[in-house]
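Asks: Contents are TSV, C-alpha atoms; file name structure_24.tsv:
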chain	number	residue	atom	x	y	z
T	1	MET	CA	102.90	156.99	207.79
T	2	ASN	CA	99.77	159.16	207.68
T	3	SER	CA	97.44	156.18	207.35
T	4	ILE	CA	99.00	154.54	210.43
T	5	LEU	CA	98.63	157.69	212.54
T	6	SER	CA	95.09	158.39	211.36
T	7	ALA	CA	93.84	154.80	211.63
T	8	PRO	CA	92.67	155.10	215.28
T	9	PHE	CA	90.38	157.98	214.26
T	10	ALA	CA	88.96	156.24	211.16
T	11	PRO	CA	86.06	154.50	213.00
T	12	LEU	CA	84.70	157.90	214.03
T	13	LEU	CA	85.67	159.77	210.88
T	14	TYR	CA	83.96	157.33	208.51
T	15	LEU	CA	80.63	157.61	210.32
T	16	ARG	CA	80.00	160.45	207.91
T	17	PRO	CA	80.05	159.33	204.23
T	18	ARG	CA	81.74	162.51	203.03
T	19	PHE	CA	84.91	161.59	204.92
T	20	ARG	CA	85.16	158.12	203.38
T	21	GLN	CA	87.50	157.40	200.46
T	22	GLU	CA	84.39	157.13	198.24
T	23	ARG	CA	81.00	158.47	199.30
T	24	ASP	CA	79.19	155.43	197.91
T	25	TRP	CA	81.23	152.99	199.98
T	26	SER	CA	79.73	151.58	203.15
T	27	TYR	CA	81.20	152.22	206.57
T	28	ARG	CA	82.69	148.72	206.61
T	29	GLN	CA	84.20	149.10	203.14
T	30	ALA	CA	85.88	152.39	203.99
T	31	LEU	CA	87.21	151.07	207.28
T	32	ALA	CA	88.53	147.83	205.79
T	33	ASN	CA	90.26	149.76	203.00
T	34	THR	CA	92.18	151.82	205.56
T	35	PHE	CA	93.19	148.89	207.69
T	36	ILE	CA	94.52	146.92	204.69
T	37	LYS	CA	96.67	149.94	203.85
T	38	VAL	CA	97.92	150.08	207.43
T	39	PHE	CA	98.70	146.35	207.39
T	40	LEU	CA	100.72	146.67	204.17
T	41	ARG	CA	102.66	149.65	205.54
T	42	ILE	CA	103.56	147.67	208.66
T	43	PHE	CA	104.42	144.62	206.54
T	44	VAL	CA	107.00	146.70	204.68
T	45	ALA	CA	108.25	148.58	207.75
T	46	PHE	CA	109.18	145.31	209.45
T	47	HIS	CA	110.79	143.91	206.27
T	48	THR	CA	108.62	140.81	206.58
T	49	LYS	CA	109.71	137.76	204.61
T	50	PRO	CA	106.95	135.12	204.67
T	51	PRO	CA	108.27	131.55	204.52
T	52	LEU	CA	106.83	129.07	202.04
T	53	SER	CA	106.37	125.37	202.70
T	54	LEU	CA	105.93	122.38	200.41
T	55	LYS	CA	103.93	120.56	203.07
T	56	PRO	CA	100.20	120.17	202.37
T	57	GLY	CA	99.04	121.66	205.63
T	58	LEU	CA	95.32	122.44	205.74
T	59	ASP	CA	95.05	122.04	201.95
T	60	GLY	CA	95.42	118.28	202.35
T	61	ASP	CA	95.36	116.23	199.17
T	62	ARG	CA	94.45	119.28	197.10
T	63	PHE	CA	98.03	120.49	197.50
T	64	VAL	CA	100.53	119.18	194.96
T	65	VAL	CA	104.28	119.54	194.57
T	66	ILE	CA	105.26	120.35	190.99
T	67	GLU	CA	108.71	119.35	189.85
T	68	PRO	CA	110.59	121.38	187.22
T	69	GLY	CA	109.78	120.52	183.62
T	70	ALA	CA	112.18	119.38	180.91
T	71	GLN	CA	115.44	121.34	180.82
T	72	GLU	CA	114.80	122.66	177.32
T	73	LEU	CA	111.78	124.61	178.60
T	74	TYR	CA	114.06	127.05	180.41
T	75	THR	CA	116.11	129.09	177.97
T	76	SER	CA	117.35	132.61	177.42
T	77	ILE	CA	116.11	135.01	180.11
T	78	THR	CA	115.02	132.17	182.39
T	79	VAL	CA	118.63	130.98	182.74
T	80	ALA	CA	120.54	132.33	185.76
T	81	ASP	CA	123.52	130.80	187.57
T	82	GLU	CA	122.17	131.39	191.08
T	83	ILE	CA	118.48	130.86	190.27
T	84	GLN	CA	117.51	127.41	189.06
T	85	PRO	CA	114.08	125.81	188.51
T	86	VAL	CA	112.92	124.15	191.73
T	87	ALA	CA	109.93	122.20	192.98
T	88	VAL	CA	106.97	124.46	193.75
T	89	GLY	CA	103.60	123.94	195.37
T	90	GLY	CA	100.09	124.49	194.13
T	91	THR	CA	96.56	124.13	195.50
T	92	TRP	CA	93.70	122.66	193.48
T	93	PHE	CA	90.14	123.93	193.77
T	94	PRO	CA	87.59	122.45	194.36
T	95	SER	CA	89.35	119.06	194.35
T	96	LEU	CA	92.52	117.40	193.15
T	97	TYR	CA	92.81	117.09	189.37
T	98	GLN	CA	94.52	113.89	188.27
T	99	TYR	CA	95.45	112.41	184.92
T	100	ASN	CA	92.30	110.28	184.89
T	101	THR	CA	89.98	113.12	185.95
T	102	THR	CA	87.11	113.44	183.49
T	103	THR	CA	85.39	116.72	182.68
T	104	THR	CA	83.16	117.81	179.84
T	105	GLN	CA	84.74	119.37	176.78
T	106	ASP	CA	83.16	122.75	177.47
T	107	LYS	CA	84.91	123.02	180.86
T	108	HIS	CA	88.36	124.56	181.28
T	109	VAL	CA	91.21	124.38	183.79
T	110	VAL	CA	92.53	127.67	185.19
T	111	LEU	CA	96.18	128.18	186.17
T	112	HIS	CA	96.10	131.13	188.56
T	113	PHE	CA	98.99	133.30	189.82
T	114	HIS	CA	98.21	135.25	193.01
T	115	GLY	CA	99.08	138.87	193.72
T	116	GLY	CA	101.05	140.47	196.53
T	117	SER	CA	103.84	142.54	194.90
T	118	TYR	CA	105.85	139.30	194.63
T	119	ILE	CA	106.56	139.48	198.38
T	120	LEU	CA	103.27	138.30	199.92
T	121	GLY	CA	100.87	135.41	199.34
T	122	ASP	CA	101.03	131.67	198.74
T	123	GLY	CA	98.02	130.70	196.61
T	124	ARG	CA	96.58	128.45	199.31
T	125	THR	CA	93.02	128.06	200.55
T	126	SER	CA	93.40	130.65	203.31
T	127	SER	CA	94.01	133.44	200.79
T	128	CYS	CA	92.70	132.25	197.43
T	129	GLN	CA	89.56	130.24	198.17
T	130	PHE	CA	87.19	133.18	197.61
T	131	LEU	CA	88.77	134.01	194.24
T	132	ALA	CA	88.89	130.38	193.11
T	133	ASN	CA	85.28	129.72	194.12
T	134	ASN	CA	84.14	132.83	192.29
T	135	LEU	CA	85.82	131.66	189.09
T	136	LEU	CA	84.41	128.16	189.49
T	137	ASN	CA	80.89	129.49	190.07
T	138	HIS	CA	80.77	132.06	187.28
T	139	THR	CA	83.00	130.73	184.49
T	140	PRO	CA	82.94	127.52	182.42
T	141	THR	CA	85.78	125.97	184.41
T	142	SER	CA	85.97	122.72	186.37
T	143	HIS	CA	89.25	123.23	188.26
T	144	VAL	CA	91.59	126.01	189.38
T	145	LEU	CA	95.25	125.42	190.20
T	146	SER	CA	96.60	128.28	192.33
T	147	LEU	CA	100.40	128.33	192.18
T	148	GLN	CA	102.64	128.92	195.18
T	149	TYR	CA	105.49	130.54	193.24
T	150	ARG	CA	108.67	131.72	194.93
T	151	LEU	CA	108.52	135.08	196.71
T	152	ALA	CA	111.11	137.67	195.68
T	153	CYS	CA	111.94	138.60	199.28
T	154	ASN	CA	113.28	135.12	200.04
T	155	PRO	CA	116.80	133.90	199.09
T	156	ASN	CA	117.35	133.56	195.32
T	157	GLY	CA	113.85	134.87	194.74
T	158	ARG	CA	114.45	137.63	192.23
T	159	PHE	CA	113.38	137.41	188.61
T	160	PRO	CA	113.35	135.00	186.75
T	161	ALA	CA	112.46	132.66	189.64
T	162	GLN	CA	108.71	133.30	189.31
T	163	LEU	CA	108.76	132.87	185.53
T	164	GLN	CA	110.58	129.56	185.97
T	165	ASP	CA	107.84	128.47	188.39
T	166	ALA	CA	105.11	129.56	185.98
T	167	ILE	CA	106.72	127.55	183.17
T	168	SER	CA	106.96	124.52	185.46
T	169	ALA	CA	103.26	124.76	186.39
T	170	TYR	CA	102.10	125.26	182.81
T	171	SER	CA	104.24	122.33	181.66
T	172	TYR	CA	102.75	120.24	184.50
T	173	LEU	CA	99.26	120.83	183.14
T	174	LEU	CA	100.30	120.19	179.54
T	175	HIS	CA	102.79	117.35	179.80
T	176	THR	CA	102.06	115.61	183.10
T	177	LEU	CA	98.27	115.87	183.26
T	178	HIS	CA	97.96	116.02	179.45
T	179	ILE	CA	95.41	118.83	179.49
T	180	PRO	CA	95.12	120.36	175.99
T	181	ALA	CA	96.21	123.99	175.78
T	182	SER	CA	92.81	124.76	174.26
T	183	ARG	CA	91.27	123.92	177.65
T	184	ILE	CA	93.70	125.94	179.77
T	185	VAL	CA	93.15	129.53	180.90
T	186	LEU	CA	95.95	131.60	182.44
T	187	SER	CA	94.80	133.91	185.21
T	188	GLY	CA	96.56	136.36	187.49
T	189	ASP	CA	95.75	139.19	189.87
T	190	SER	CA	98.07	142.16	190.48
T	191	ALA	CA	101.64	140.77	190.45
T	192	GLY	CA	100.12	137.53	189.19
T	193	GLY	CA	98.74	139.43	186.20
T	194	HIS	CA	102.25	140.62	185.48
T	195	LEU	CA	103.44	137.03	185.65
T	196	VAL	CA	100.79	135.97	183.12
T	197	LEU	CA	102.08	138.62	180.70
T	198	ALA	CA	105.65	137.43	181.25
T	199	LEU	CA	104.67	133.83	180.48
T	200	LEU	CA	102.73	134.87	177.37
T	201	ARG	CA	105.71	136.90	176.16
T	202	TYR	CA	108.03	133.98	176.82
T	203	ILE	CA	105.78	131.66	174.81
T	204	THR	CA	105.81	134.18	171.96
T	205	ASP	CA	109.55	134.94	172.05
T	206	TYR	CA	111.20	131.59	172.66
T	207	ASP	CA	108.88	128.66	172.09
T	208	ASP	CA	109.81	127.91	168.49
T	209	GLU	CA	109.15	124.19	168.97
T	210	LYS	CA	105.68	124.82	170.44
T	211	VAL	CA	106.39	122.74	173.53
T	212	LEU	CA	104.45	125.45	175.37
T	213	PRO	CA	101.43	126.03	173.11
T	214	SER	CA	99.21	129.06	173.67
T	215	PRO	CA	96.40	128.85	176.26
T	216	THR	CA	92.87	129.41	175.05
T	217	CYS	CA	92.90	132.88	176.68
T	218	SER	CA	94.13	134.81	179.74
T	219	TRP	CA	92.53	136.92	182.47
T	220	LEU	CA	94.48	139.82	183.99
T	221	PHE	CA	92.86	141.25	187.12
T	222	SER	CA	94.48	144.60	188.02
T	223	PRO	CA	97.85	143.56	186.52
T	224	TRP	CA	101.06	145.19	187.70
T	225	CYS	CA	102.42	146.82	184.54
T	226	ASP	CA	105.65	148.63	185.42
T	227	ILE	CA	107.82	147.11	188.11
T	228	PRO	CA	110.89	149.36	187.67
T	229	GLY	CA	108.64	152.43	187.78
T	230	ALA	CA	107.14	151.29	191.10
T	231	ARG	CA	110.46	151.91	192.84
T	232	ASN	CA	109.72	155.65	192.64
T	233	GLU	CA	107.38	156.18	195.58
T	234	HIS	CA	107.07	159.88	194.78
T	235	LEU	CA	105.28	159.09	191.51
T	236	TRP	CA	102.79	156.81	193.29
T	237	LYS	CA	102.06	159.45	195.93
T	238	ASN	CA	101.05	161.92	193.25
T	239	ILE	CA	98.55	159.69	191.45
T	240	PRO	CA	95.01	160.91	192.26
T	241	ASN	CA	93.70	157.45	193.12
T	242	VAL	CA	96.28	156.93	195.85
T	243	ARG	CA	93.72	158.25	198.34
T	244	THR	CA	90.99	155.79	197.38
T	245	ASP	CA	93.19	152.72	196.92
T	246	TYR	CA	94.48	150.55	199.75
T	247	ILE	CA	97.94	150.06	198.19
T	248	PRO	CA	100.52	152.32	199.93
T	249	PRO	CA	103.45	153.39	197.69
T	250	SER	CA	105.93	151.59	199.94
T	251	PHE	CA	104.44	148.15	199.23
T	252	PRO	CA	105.07	147.93	195.45
T	253	ALA	CA	108.35	149.78	195.91
T	254	TRP	CA	109.55	147.12	198.36
T	255	GLY	CA	108.35	144.35	196.08
T	256	ALA	CA	110.04	145.89	193.03
T	257	LYS	CA	113.32	146.22	194.89
T	258	HIS	CA	113.38	142.50	195.70
T	259	PHE	CA	111.97	141.34	192.36
T	260	ILE	CA	114.69	143.17	190.43
T	261	GLY	CA	117.44	142.55	193.00
T	262	ASN	CA	120.89	142.62	191.41
T	263	LEU	CA	119.47	142.07	187.93
T	264	GLN	CA	120.79	144.40	185.26
T	265	ILE	CA	117.79	145.84	183.40
T	266	THR	CA	119.06	145.29	179.88
T	267	PRO	CA	116.95	145.64	176.69
T	268	GLU	CA	116.49	141.87	176.88
T	269	PHE	CA	114.96	141.94	180.39
T	270	GLU	CA	113.12	145.27	180.40
T	271	PRO	CA	110.09	144.08	178.35
T	272	TYR	CA	109.48	141.37	180.96
T	273	LEU	CA	109.66	143.86	183.84
T	274	ALA	CA	107.65	146.70	182.30
T	275	PRO	CA	105.15	145.31	179.78
T	276	ILE	CA	103.31	148.63	179.70
T	277	TRP	CA	106.15	150.10	177.61
T	278	HIS	CA	106.84	147.02	175.49
T	279	SER	CA	103.80	145.71	173.66
T	280	PHE	CA	103.96	142.41	171.81
T	281	VAL	CA	101.75	140.25	169.64
T	282	LEU	CA	99.76	138.12	172.05
T	283	PRO	CA	99.62	134.38	171.37
T	284	SER	CA	95.95	134.24	172.45
T	285	PRO	CA	93.17	136.60	173.65
T	286	VAL	CA	93.49	138.59	176.88
T	287	LEU	CA	90.95	140.21	179.20
T	288	ILE	CA	92.18	143.09	181.37
T	289	VAL	CA	90.05	144.07	184.39
T	290	SER	CA	90.68	147.24	186.39
T	291	GLY	CA	89.10	149.19	189.24
T	292	GLY	CA	88.12	152.79	188.57
T	293	ARG	CA	89.56	153.96	191.90
T	294	GLU	CA	92.80	152.01	191.95
T	295	VAL	CA	96.23	153.59	191.59
T	296	MET	CA	97.07	151.64	188.44
T	297	CYS	CA	93.83	152.31	186.57
T	298	GLN	CA	95.49	154.71	184.12
T	299	GLU	CA	98.28	152.19	183.53
T	300	HIS	CA	95.75	149.48	182.74
T	301	ASP	CA	94.08	151.74	180.20
T	302	ARG	CA	97.44	152.41	178.56
T	303	LEU	CA	98.38	148.73	178.61
T	304	ALA	CA	95.12	147.73	176.91
T	305	ARG	CA	95.48	150.37	174.23
T	306	HIS	CA	99.13	149.62	173.53
T	307	LEU	CA	98.52	145.87	173.33
T	308	SER	CA	95.50	146.27	171.07
T	309	LYS	CA	97.36	148.61	168.72
T	310	ILE	CA	100.08	146.07	167.96
T	311	GLN	CA	97.81	143.05	167.51
T	312	GLN	CA	96.91	143.83	163.88
T	313	ASN	CA	93.86	141.60	164.25
T	314	GLU	CA	96.06	138.65	165.20
T	315	GLY	CA	95.06	138.79	168.85
T	316	ARG	CA	92.14	140.01	170.90
T	317	VAL	CA	92.23	142.37	173.87
T	318	GLU	CA	89.25	143.34	175.99
T	319	TYR	CA	89.33	145.95	178.74
T	320	PHE	CA	86.76	146.16	181.54
T	321	VAL	CA	86.67	148.87	184.24
T	322	GLN	CA	84.59	148.66	187.39
T	323	ASP	CA	83.82	152.18	188.53
T	324	ARG	CA	84.51	153.16	192.14
T	325	MET	CA	86.44	149.96	192.88
T	326	PRO	CA	89.96	149.82	194.40
T	327	HIS	CA	92.77	147.47	193.40
T	328	ASP	CA	92.31	143.74	192.69
T	329	ILE	CA	88.69	143.49	193.81
T	330	LEU	CA	88.33	139.81	192.86
T	331	MET	CA	91.02	138.91	195.41
T	332	VAL	CA	90.07	141.18	198.32
T	333	ALA	CA	86.28	141.50	197.96
T	334	TRP	CA	85.73	139.08	200.85
T	335	ILE	CA	87.64	141.48	203.12
T	336	LEU	CA	86.27	144.75	201.72
T	337	ASN	CA	82.71	143.41	201.29
T	338	PHE	CA	82.53	144.07	197.55
T	339	ARG	CA	81.16	140.59	196.86
T	340	LYS	CA	78.63	141.67	194.23
T	341	GLU	CA	81.37	143.48	192.30
T	342	ALA	CA	83.65	140.44	192.55
T	343	ASP	CA	80.85	138.33	191.09
T	344	GLN	CA	80.63	140.79	188.20
T	345	CYS	CA	84.37	140.41	187.55
T	346	ALA	CA	84.08	136.64	187.43
T	347	VAL	CA	80.99	136.77	185.21
T	348	LYS	CA	82.87	139.06	182.83
T	349	ALA	CA	85.74	136.57	182.73
T	350	GLY	CA	83.35	133.72	182.00
T	351	THR	CA	81.60	135.62	179.23
T	352	PHE	CA	84.96	136.49	177.67
T	353	LEU	CA	86.14	132.88	177.78
T	354	THR	CA	82.90	131.60	176.25
T	355	ARG	CA	82.99	134.16	173.46
T	356	MET	CA	86.67	133.60	172.64
T	357	GLN	CA	86.18	129.85	172.61
T	358	ALA	CA	83.23	130.17	170.24
T	359	MET	CA	85.16	132.47	167.92
T	360	SER	CA	88.16	130.14	167.82
T	361	GLU	CA	85.86	127.42	166.55
T	362	GLU	CA	84.56	129.56	163.71
T	363	ASP	CA	86.59	129.72	160.52
T	364	GLY	CA	87.41	133.18	159.29
T	365	SER	CA	85.71	135.01	162.12
T	366	GLU	CA	86.39	138.74	162.34
T	367	VAL	CA	86.98	140.09	165.86
T	368	PRO	CA	87.76	143.67	166.93
T	369	SER	CA	91.28	143.94	168.29
T	370	VAL	CA	90.09	145.75	171.42
T	371	ALA	CA	86.88	146.52	173.26
T	372	PHE	CA	86.60	148.98	176.13
T	373	GLU	CA	83.84	148.73	178.72
T	374	SER	CA	83.14	150.45	182.00
T	375	ARG	CA	80.68	149.49	184.67
Take the structure from the file and write it as structure tokens.
Replies:
Amino acid sequence: MNSILSAPFAPLLYLRPRFRQERDWSYRQALANTFIKVFLRIFVAFHTKPPLSLKPGLDGDRFVVIEPGAQELYTSITVADEIQPVAVGGTWFPSLYQYNTTTTQDKHVVLHFHGGSYILGDGRTSSCQFLANNLLNHTPTSHVLSLQYRLACNPNGRFPAQLQDAISAYSYLLHTLHIPASRIVLSGDSAGGHLVLALLRYITDYDDEKVLPSPTCSWLFSPWCDIPGARNEHLWKNIPNVRTDYIPPSFPAWGAKHFIGNLQITPEFEPYLAPIWHSFVLPSPVLIVSGGREVMCQEHDRLARHLSKIQQNEGRVEYFVQDRMPHDILMVAWILNFRKEADQCAVKAGTFLTRMQAMSEEDGSEVPSVAFESR
């Protein structure tokens, strides 16, 4: 509640750089950071449950409705009596991709999962246009499909609803649009990064028939790594970066409560909820991007190290830290005015994709299992 009570004084307080969350931040950046935190606190306090629609709205013909894939795609942990695969929406950037769309072989299609603690966001133009345009401008991609997966706060929205939706969207690209897996990149920010890891683990654990082949690589921007752990607000409040980040402890705690719901966290489900504690052999390379001033920065470091340790040169993990940046900068830079830093994130993603693609085309290439970089 402190950020709500202090918010009216922030415009005066931040006139002096030493009172800002980070001295190097501008007045606007410091102020916007505080007001996002206030908004998220109020969002939780009012138990807001944003509705989702399958109508195109302002997205027009760039919005598509994706029907569930073949029944055999949903097995094991994705099977739940009260939660069934359903039609979901998605928005294409910059234009609709159709079966007869032609692009050059060096261009890729990105399937992106938005953030929002699984209780906020819809992947549409109003929230994801800045991110999608950044990826289109700075990476070798021709199209981005931003998925409107089910929110956990809505009826029958707990896990594995979002994983079902991710499988449906990936199958849509593979089997409906016939895009080769070698030209598909999985991308996710915050909770969406967690969803990418869940889909990669599902591909590794259960796709014996290879009906869901591995994407060429994946980008994880500030991924949520430990959903059960987020329910403990006391732990979040004691992380040093909680002062510089705009994520209040109540927001992930509220999201985790809904995402888990009445699910029993058995040894079968726990790896999907807390990937930070359950490394696995990745089916394809992964880039992890973190902000040096975000609450989860230490978790991202641990995730990268744990994943790289288990790869045994079978996979590739790269870790990139942007100093002095808060959470999920690629998504919120247009609000916080960190546009240059968002460009750097996208450029890093593009460089990673280009390098991984080149290495996959070389026979017998040797690649380090992990690389750590800070900027």
Asks: Using all atoms listed in the file, which residue out of T:Thr176, T:Asn262, T:Ser53, T:Ser117 lies closest to Tyr97 in chain T?
Replies: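 Distance minimum relative to Tyr97 in chain T lands on T:Thr176.
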Asks: If we count all atoms listed in the file and set the cut-off at 9 Å, which residues sit around His278 in chain T, ignoring sequence neighbours fewer than 6 positions away in its own chain? Please answer as a PyMOL selection string.
Replies: chain T and resi 270-272+306-307
Asks: Which residues, written as a ChimeraX atom specification, have at least one atom at most 10 Å from range 155-166 of chain T, with all atoms listed in the file counted and residues fewer than 4 positions away on the same chain left out?
Replies: /T:49,66-69,73-75,77-80,82-89,111-113,118-119,147-151,170-172,192,195-196,198-199,202,255-263,269,272-273
Asks: What is the CA of Cys153 in chain T to CA of Lys55 in chain T distance in Å?
Replies: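 CA of Lys55 in chain T lies 20.1 Å from CA of Cys153 in chain T.
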Asks: Counting all atoms listed in the file, which residues in range 118-234 of chain T sit no more than 7 Å from range 344-359 of chain T? For each one, give the nearest pair of atoms and the distance in Å, sorted by chain then residue number, as JSON lines.
Replies:
{"residue": "T:Asn134", "atom": "CA", "partner": "T:Ala346", "partner_atom": "CA", "distance": 6.2}
{"residue": "T:Leu135", "atom": "CA", "partner": "T:Ala346", "partner_atom": "CA", "distance": 5.5}
{"residue": "T:His138", "atom": "CA", "partner": "T:Val347", "partner_atom": "CA", "distance": 5.1}
{"residue": "T:Thr139", "atom": "CA", "partner": "T:Gly350", "partner_atom": "CA", "distance": 3.9}
{"residue": "T:Pro140", "atom": "CA", "partner": "T:Gly350", "partner_atom": "CA", "distance": 6.2}
{"residue": "T:Cys217", "atom": "CA", "partner": "T:Leu353", "partner_atom": "CA", "distance": 6.8}
{"residue": "T:Trp219", "atom": "CA", "partner": "T:Ala349", "partner_atom": "CA", "distance": 6.8}
Asks: Given only C-alpha atoms as the basis, pick out the residue of T:Trp92, T:Trp25, T:Phe35, T:Trp277 nearest to Leu173 in chain T.
Replies: T:Trp92
Asks: Which polymer residues have any atom within 9 Å of an atom of Arg339 in chain T, counting all atoms listed in the file, with same-chain residues fewer than 4 positions away left out, as a count of residues only?
Replies: 6
Asks: To one decimal place, how far is CA of His300 in chain T from CA of Ser218 in chain T in Å?
Replies: 15.1 Å
Asks: Which of these, T:Gly123, T:Gly188, T:Gly57, T:Pro326, has the shortest distance to Met296 in chain T once you count all atoms listed in the file?
Replies: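 Comparing T:Gly123, T:Gly188, T:Gly57, T:Pro326 against Met296 in chain T, the winner is T:Pro326.
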Asks: Find the spatial neighbours of Ser279 in chain T, counting all atoms listed in the file, within a cut-off of 10 Å - ignore same-chain residues fewer than 6 positions away - and output them as a PyMOL selection string.
Replies: chain T and resi 201+271+303-311
Asks: For a test of reading the model, state the distance in Å between CA of Arg302 in chain T and CA of Arg20 in chain T, rounded to one decimal.
Replies: 28.3 Å
Asks: Ranking T:Ser187, T:Gln29, T:Gln129, T:Ser142 by minimum distance to Ser222 in chain T and counting only C-alpha atoms, which one comes first?
Replies: T:Ser187
Asks: Measuring between all atoms listed in the file, which one of T:Leu52, T:Leu40, T:Ala7, T:Ala253 shows the shortest distance to Asp122 in chain T?
Replies: T:Leu52
Asks: Just the residues within 10 Å of Ile239 in chain T, please, counting all atoms listed in the file, with nothing from its chain fewer than 5 positions along; format it as a ChimeraX atom specification.
Replies: /T:234,294-296,298
